[in-house]
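Notes follow the structure.
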Amino acid sequence: MKKILITGALGQIGSELTLTLRDIYGTDNVVATDIRKNDSEAANNGPFEILDVMDGQKMVDLSKKYEVDTIIHMAALLSATAEAKPVFAWNLNMGGLMNALETARELNCQFFTPSSIGAFGPTTPKDNTPQDTIQRPTTMYGVNKVAGELLADYYYHKYGVDTRGLRFPGLISYVTPAGGGTTDYAVDIYYEAIKNGKYTSYIDKGTYMDMMYMPDALNAIVNLMEADASHLKHRNSFNVTAMSFDPEEIAAEIKKHIPGFEISYEVDPIRQGIANSWPNSIDASAAREEWGFKAEYDLAKMTKDMLEKLTVKLK
């Protein structure tokens, strides 16, 4: 990667990824785009352009303007939001992805887009979910992700586009607030622990889901994109994970730092249903073997860092 265009650059992942890539490759070499501009550092400390990913011609024009060699396509509706607006989600998630892939094909760009554990479904093995397994999701978000994995594979095999991707678990960050994902309770709980000393979870006790701290997710993107292509057998859907826990376990870890913290439950049937269709834990051995994936943060290390960073942020 030398000159990079990011779609959805002001979202939960994109806002941090933009800054990380600018630190590595130089501020002027990372072009952030999103459908609107805000006052974030990602929007204001380097090149930024307004881009609706449904406008394929503008995506091509901006990529030519900045002479990019890499497209990182992050723009999408997340799981809970997509389930509430399934037609809009299909049109945005798949239409935007097709435009991004076509831009990469036309301009011979390297390409990254994230997949998700949402690409799995209730008939997928729940524990230590394999890299290659049955994928029959029951959510629109999951359908989008499976279709996206296949579409990126198609562009690699049909046109030779250097497409790469990761199946992310729930991502936890202190920088950007959660934005419509099923796993977002694991972000909200830290904010509420510091602000109110208690949290009401919309995910039920005993519900295990894979999670990853954002620094590990950002490193995984960079390391995959820099990996030797000849070593990659799986390109567009590497399982990656760092930890798996239920709401009780994250609450117990928070209590080690905030002893009076309390958790209660008001289960949201929509998000609980989505969570129930996902794996309890996944196997990331293919990512480790093919490009050296390694996560640095477990639940204890992440919780300590989250609480320290948010205490400063929320003062």
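Letters A, B, ... go to the chains of the structure tokens in the order shown; residues in each chain start at 1; ligands are counted from 1 in the same order.
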Exercise. Tell me which protein, DNA and RNA residues are within 8 Å of Phe111 of chain A, counting only C-alpha atoms, leaving out same-chain ones fewer than 4 positions away, and put them as a ChimeraX atom specification.
Key: /A:70-73,101,104,161-164
Please report, as JSON lines, each residue of segment 207-295 of chain A lying at most 7 Å from segment 175-193 of chain A, together with the nearest pair of atoms and the separation in Å rounded to one decimal; use only C-alpha atoms, and order rows by chain and ascending residue number.
{"residue": "A:Phe261", "atom": "CA", "partner": "A:Ala193", "partner_atom": "CA", "distance": 6.4}
{"residue": "A:Arg271", "atom": "CA", "partner": "A:Thr182", "partner_atom": "CA", "distance": 5.5}
{"residue": "A:Ala275", "atom": "CA", "partner": "A:Thr182", "partner_atom": "CA", "distance": 6.7}
Convert the current residue selection to file output with N, CA and C atoms, as an mmCIF file, in the first residue's frame.
data_model
loop_
_atom_site.group_PDB
_atom_site.id
_atom_site.type_symbol
_atom_site.label_atom_id
_atom_site.label_comp_id
_atom_site.auth_asym_id
_atom_site.auth_seq_id
_atom_site.Cartn_x
_atom_site.Cartn_y
_atom_site.Cartn_z
ATOM 1 N N PHE A 261 -19.713 -1.925 40.516
ATOM 2 C CA PHE A 261 -20.409 -2.024 39.227
ATOM 3 C C PHE A 261 -21.487 -3.108 39.262
ATOM 4 N N ARG A 271 -31.762 -8.247 18.591
ATOM 5 C CA ARG A 271 -30.310 -8.404 18.688
ATOM 6 C C ARG A 271 -29.922 -9.722 19.360
ATOM 7 N N ALA A 275 -27.517 -12.590 17.807
ATOM 8 C CA ALA A 275 -26.393 -13.146 18.567
ATOM 9 C C ALA A 275 -26.481 -14.667 18.664
#
Quiz item: Which residue out of A:Lys65, A:Lys2, A:Lys58, A:His231 has the minimum interatomic distance to Gly96 of chain A when only C-alpha atoms are used?
Solution: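 Checking each candidate against Gly96 of chain A, we get A:Lys58 as the closest.
The gap separating atom CA of Leu5 of chain A from atom CA of Val31 of chain A is 4.7 Å, in Å to one decimal.
Non-sequential neighbours of segment 237-252 of chain A (distance at most 6 Å, separation of 5 or more positions within a chain, only C-alpha atoms) are Gln131, Gly165, Leu166, Arg167, Lys205, Gly206, Thr207, Tyr208, Met209, Asp210, Met211, Met212, Ser281, Ala284, Ala287, Ala295 and Asp298 of chain A.
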Quiz item: So, counting only C-alpha atoms, which residue among A:Met98, A:Ala147, A:Ala229, A:Ile263 is closest to Ile203 of chain A?
Solution: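 Using only C-alpha atoms, the shortest distance to Ile203 of chain A belongs to A:Ile263.
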